[in-house]
Each structure stands twice: as structure tokens, then as C-alpha cells.
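Report on one structure; see the data block that follows.
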Amino acid sequence: MLRHSILLPVAASAALLLSGCQSTPGPQDGPLGTWAEDPMRNAPPITRGLDAAGLSTLLGAELAGQRGDYRYASQGYLEAAKRYREPALAERATFAARFGNEASLIEASALRWRELAPQAEAPNRLLAAFSLQRGDWLDSLEQRLDIVEAGGHGDVTAYAEVAVAEEAPLTLIAQQLREHLARPNADQLPHHSDVLLGTALIEAALGDTALAQRRLDQVELLDPESAALWLVKARLALEIEDYPTAQRSAQQGLELAPDDVRFILLLAQAEIRLNNISAAEVQTNALLESHGGNEDLRLSLAQLYLEEGHPEPAQRLLQPLIGQPNVPNLAYYLLGAITQAQGDTDNALLYYRQVSEGSEFLPARAAAAQMLIEEDRLLDARAFLRIERMRFDNYFTELVMLEVQLLDEMNQPEDANALLDREISRTPDDASLLYMRAMRRWEAGNIAGMEQDLRQILRTDPDNSEALNALGYTLADLNLPGRLQEAFELIERAYEADPDNPAVLDSMGWVYFRLGKPEEALPWLESAYMQLPDQEVAAHLAEVLKALGRDEEARQLIQQIMQRTNQHQLIDGLLERYPELSP
């Protein structure tokens, strides 16, 4: 219903860290980048005659661009592009919008540009980036494949890497890629191997490693000198535990791209998996030496060894950092994990406690408390967290929430609730703790208690959009008699405070539907789904489409969600009410 872990970077961050040093994207890269110089200087000229209104619009846009009002300039060029079927106008509108960093105008201009010049690569690149930014994976892939079919490079492999890392709807992505590969003459396109590589990455992540391997064999025939090929080959071999092949692939890639640290890291990882720790240390030491003992790299390599179950080389890598004036927090965190792995709980606790405020602070406290709990020292774990709350007042709320989470994991909800009640009585205006208790009360069916906590938040912070939306949505969803207008007013206030929040847009659409206004509900829910394509918004949107007699669209939407995930209780509930929508 309502939108509600403590993570630490993985060792692969070393590759990102170093590859980022090799090629830094310019300010024009990405849809929201700013421009280093006025793009209007090289924008395509307007060469055709115009009527008076069109001339006035263009003059206004040109003058606005000259005085730096790029929003007005973009709006003017876009208006002209809608009146005249001239791609250069839409391109000029896009240039101005990008210089002004106007996301909505960039997208609108790029859409018109693509409409007027379907074969142009630039608008598809922009639209692909926008789709990816809002989580519309399939639309982003569609734009990239359009680029490929026009003879350009769609960066499908890079897209696939992000999709795998972000747990995108891989089944649907694989289906779309396979449909492209099955088209006549797809293998004749200039960047066919990039699509094959991207498809192999997705299929490998789905567990279809044999098919992924066949794709890689095809790429090897087409482009054996591709460093990207050997990178994917090495990763796939590691995934299927074929460590000798991973070793050979990484070595082959290193010959083609000797400065690409990803191959050195993959080779080290393969050596570790082959239990050639000495050989792995030779690789990592050479990598450190070539980068001047880079501190961040040293930490990432130590993390790699630790994740692979080899604390001793990790400890050797960290030793040079100990005794420095400013020991990095991550070093203390990793030393705590190493000492814990060696069975020395008390010293591990000392290391974890030396992690000061920063991104590793909460992970260190969580690891320490979990370590004590695993040794049947729950009372010690709770005492430790209580002391840390007194030591670090800035983290009071987060440490209380951490203890509640740990108690829940130990199936002690009564103790968790008692802790929450006690700390709220001491800090009655702590909005985060009140909101946490409100959500727990909602899960327990205590709607009155939930409302009480949310009202308390709103007494001290009347514009708290999270509380406004939660209360308004709950009243609308429960369809409580006589309270729908109140729900609408609460959600309206949430929208005024946070107009770009897709959860608020979803709530607005849902309350309109509850008020018997499906036509007004539809655009809100469509906008919410574009930004947040999850099953809750999809269920709301499908129900509104059903109410409007658009059953086939609702059915297609439901089918999409059911293909993306095996867990779709909200969709199941919708189908119980409307079995005719079953795909």
C-alpha cells in the first residue's frame, strides 16, 4: 500500500572507480547534463519563410535564447515545430531545453524531433536515457533498438549491464531482444554484435547460460577483437563456475585492453576462485602499483578478497592504512568483518565502533549487533545499540529503527513495539519514528492508531507530504463513508508539497476513482505508472481502464506485470473481482 537495509558498496566499485578516471563524460552526456557553451551557436538555421505568427514565435524564441532564457526559447521553438513539419525546429528546441536543463521540455522536444525525423539518432538517445531514468526499461530498449536498426550504436550491452544490476524486468527485456534478433537481416546491421552481447548478459542473468554462451560464440566469430566480448565471456565463466575459462578470457581481454582494470580484477577473481591466492595477489599488487597505491582501490580490493572468503590477503592490503592520521571508515569496517570472520568477536566489536559518522556508520552498527545476536547475545546487542544512541545523537532515530528491525527479524514484535513506544514517549515529535509506528499499526489493522500517529506528524509539520499522502490514501483505499472528500483534500495538500512524487500521483488518481470520476483518475494514474511501473499502480490503472470500458488495455497491462514478477498479490486480488481481465 504505502511506499516504504543497509548496504555497502561491492568490490566491483574498483572497476567503476578506475574506469571513471579513464574517460569522463562531457557535460553534454546524459539527458540532464548542462552545456559548456551556448548550443544555439551551432544549431541548424531556419531557412523557410513563415507567417506573421510563426515569425513572431521564432523571433521571441531567438531573443530569449540570446538573453539566456532557455526555457522560453525552447517553448517557442517547440511551438513552431508543432506548426511546421521542420525537424530543425524541434532540434533547436531540444538544444535550448538541454542548455536550460529543463527535463520535461527536453523530452517533449525530443519526441517531436523523433516524430519529424524518425531516422535521427540523437532524439532516440535522449528518449532512451529518459525512459531509463524513470524506470521504463522496455521503452528505453525500444529506443536503443531503433537506433540499431537505423545503423547506429544503441549501447545495448551497457544497458543490459545496468538492467541486470538494477533487477529490471529481465524476462520482458529478453523477449524484446530476441524478437529483434529474429527479424530478417538483423545480423546484417553494423552493431549486431552489441545486441548479441547485451542479449547474452540478460540470458545469463536469467539462468539460460547455454544460450548465452551460444550468443558469445557468435560474437567471437563476428568480432574476435572486441574487448567487450572477452569481458562478458569472463563474467559468464565466473557465473557458471568455469574458472579456467574465466582466467583465459580475462587474459585475452587484458591483451586487447591492457589498461582496462576490469580485466585485471576479473583475472584476480578467477585466480582466487582457482585458489591461486599468490597469483591473485601478484595481479592486485601490480594494479595497486600502477595506480600509486590508490587508497580507494586498496579498500575495494580488500573487500574483494573478503567477499571471496580470504580474509588474510584482505588484512594485508589494509595494514598500510592503519596508523595513518585519518584512517578511512571503510578500513575499520572491513577490519571488523575480517576479525569477525576469524572468530574474535570482542576485537571485531572494537573495530566496528571505531567507524565514525558517514556512510559506513549504520552498516557497522548493524553488523556488530547482528554478530552479537548470532552468538546468542541479544541483551549485549541491545545494550550496544542503546549506548551508540547516546554516543551519536545524530543517529538516534536510525539506531532505534535498526533495533526494531532486528527484533522483528528475531520474531519479537512485542519487544519491538515496546521499544518504539518508549522512544516516541521520549521524543514525541520524531516524525520518522511516528511514521514507522503508523505503518506498523496499519499492518496490524489498527487504523485509528495509524491516523493518530500521522495526525501527530502533521501537527508539527503540516506540509509533510509523506504523512499527508499516507493518511489520504488510506482513507480513500478503505472507502470510509463520509471521508472521501477529506481524503481528497489531504492528497491535494500532499501534491502541492511534492508534485513530482509518483506515489502521490497514484493516490490522486485513486481518490478520483473512489469519488466516481474515472475519467479524471486516468491521467493521474497514467502519469504515476510512467514513473513508477509497479504492481500497485498497475492494479489501480487497470481497474480504472476497466471502469472506462477499456478491458483489452487493462488486460495487456495486467499481463505485463504478471510477466515481470511472480509475486503479484494486488493483481491477483483485482482478478478475483474481475476474472474477465485474466490475460
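For the C-alpha cells, the naming scheme is as follows: chains receive sequential letters (A, B, ...) according to their order of presentation, residues are indexed from 1 within each chain, and ligands are indexed from 1 in presentation order.
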- Message: Excluding A:Gln315 and its own-chain neighbours fewer than 5 positions away, which residues fall within 12 Å of it when counting only C-alpha atoms? Please give them as a list in words.
- Response: Arg298, Leu299, Leu301, Ala302, Gln303, Leu304, Tyr305, Leu306, Gly309, His310, Pro320, Leu321, Ile322, Ala331, Tyr332, Tyr333, Leu334, Leu335, Gly336, Ala337, Ile338, Thr339, Ala341 and Gln342 of chain A
Among stretch 329-492 of chain A, which ones does DSSP assign to alpha helix (DSSP H) (computed from the backbone)? Answer as a PyMOL selection string. chain A and resi 329-341+345-353+361-374+378-391+396-409+413-426+431-443+447-460+465-478+484-492
Shortest contact to A:Leu201, candidates A:Ala93, A:Ile491, A:Ala160, A:Val544, atoms counted only C-alpha atoms, goes to A:Ala160
- Task: Identify, on the basis of only C-alpha atoms, every residue whose closest approach to stretch 435-444 of chain A does not exceed 10 Å; exclude the query and any residue fewer than 2 positions from it along the same chain; express the result as a ChimeraX atom specification.
- Result: /A:1-4,401,404,413,417,420-421,424,430-433,446-457,466-467,470-471,474
query = Between A:Met508, A:Ala476, A:Ser465, A:Gln535, which is the closest to A:Pro523 once you count only C-alpha atoms?
reply =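 Among the listed residues, A:Met508 lies closest to A:Pro523.
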Compile the contact shell of A:Arg493 as a PyMOL selection string: residues with an atom at most 9 Å away, counting only C-alpha atoms, same-chain residues fewer than 5 positions apart removed.
chain A and resi 463+465+468-469+488+498
Q: Can you pull out every residue within 10 Å of A:Thr94, counting only C-alpha atoms, but drop anything in the same chain fewer than 6 positions away, and send it as JSON, numbers by chain?
A: {"A": [39, 43, 73, 74, 75, 77, 78, 88, 100, 102, 105, 106, 107, 108, 109, 110, 111, 112, 113, 123, 126]}
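Restricting the calculation to only C-alpha atoms, the smallest distance between A:Glu115 and any of A:Asp136, A:Ala418, A:Gly516, A:Glu91 is found for A:Glu91.
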If you count only C-alpha atoms, the residue of A:Leu116, A:Ala168, A:Ala494, A:Leu522 closest to A:Leu138 turns out to be A:Ala168
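Picture a line from atom CA of A:Arg114 to atom CA of A:Ser193; it runs 25.3 Å.
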Please provide as a PDB file with N, CA, C and O atoms, in the first residue's frame all residues within 7 Å of A:Leu196, with the sequence filter that same-chain residues fewer than 4 positions apart are discarded (counting only C-alpha atoms).
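Output below, filename part.pdb:
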ATOM      1  N   HIS A 192      25.360  -5.381 -34.785  1.00  0.00           N
ATOM      2  CA  HIS A 192      24.666  -6.611 -34.396  1.00  0.00           C
ATOM      3  C   HIS A 192      25.336  -7.276 -33.199  1.00  0.00           C
ATOM      4  O   HIS A 192      24.671  -7.798 -32.306  1.00  0.00           O
ATOM      5  N   ALA A 200      23.086 -11.798 -24.430  1.00  0.00           N
ATOM      6  CA  ALA A 200      23.786 -12.835 -23.653  1.00  0.00           C
ATOM      7  C   ALA A 200      23.830 -12.476 -22.175  1.00  0.00           C
ATOM      8  O   ALA A 200      23.636 -13.342 -21.309  1.00  0.00           O
ATOM      9  N   ARG A 215      25.383 -17.211 -27.915  1.00  0.00           N
ATOM     10  CA  ARG A 215      25.438 -15.822 -28.402  1.00  0.00           C
ATOM     11  C   ARG A 215      26.889 -15.326 -28.414  1.00  0.00           C
ATOM     12  O   ARG A 215      27.332 -14.667 -29.366  1.00  0.00           O
ATOM     13  N   VAL A 219      29.374 -13.860 -31.421  1.00  0.00           N
ATOM     14  CA  VAL A 219      30.112 -12.593 -31.391  1.00  0.00           C
ATOM     15  C   VAL A 219      31.589 -12.845 -31.659  1.00  0.00           C
ATOM     16  O   VAL A 219      32.252 -12.069 -32.363  1.00  0.00           O
TER      17      VAL A 219
END
Exercise: stretch 246-262 of chain A partners within 6 Å, only C-alpha atoms, chain neighbours under 6 positions left out, as a PyMOL selection string:
chain A and resi 15+227+230+234+237-238+270
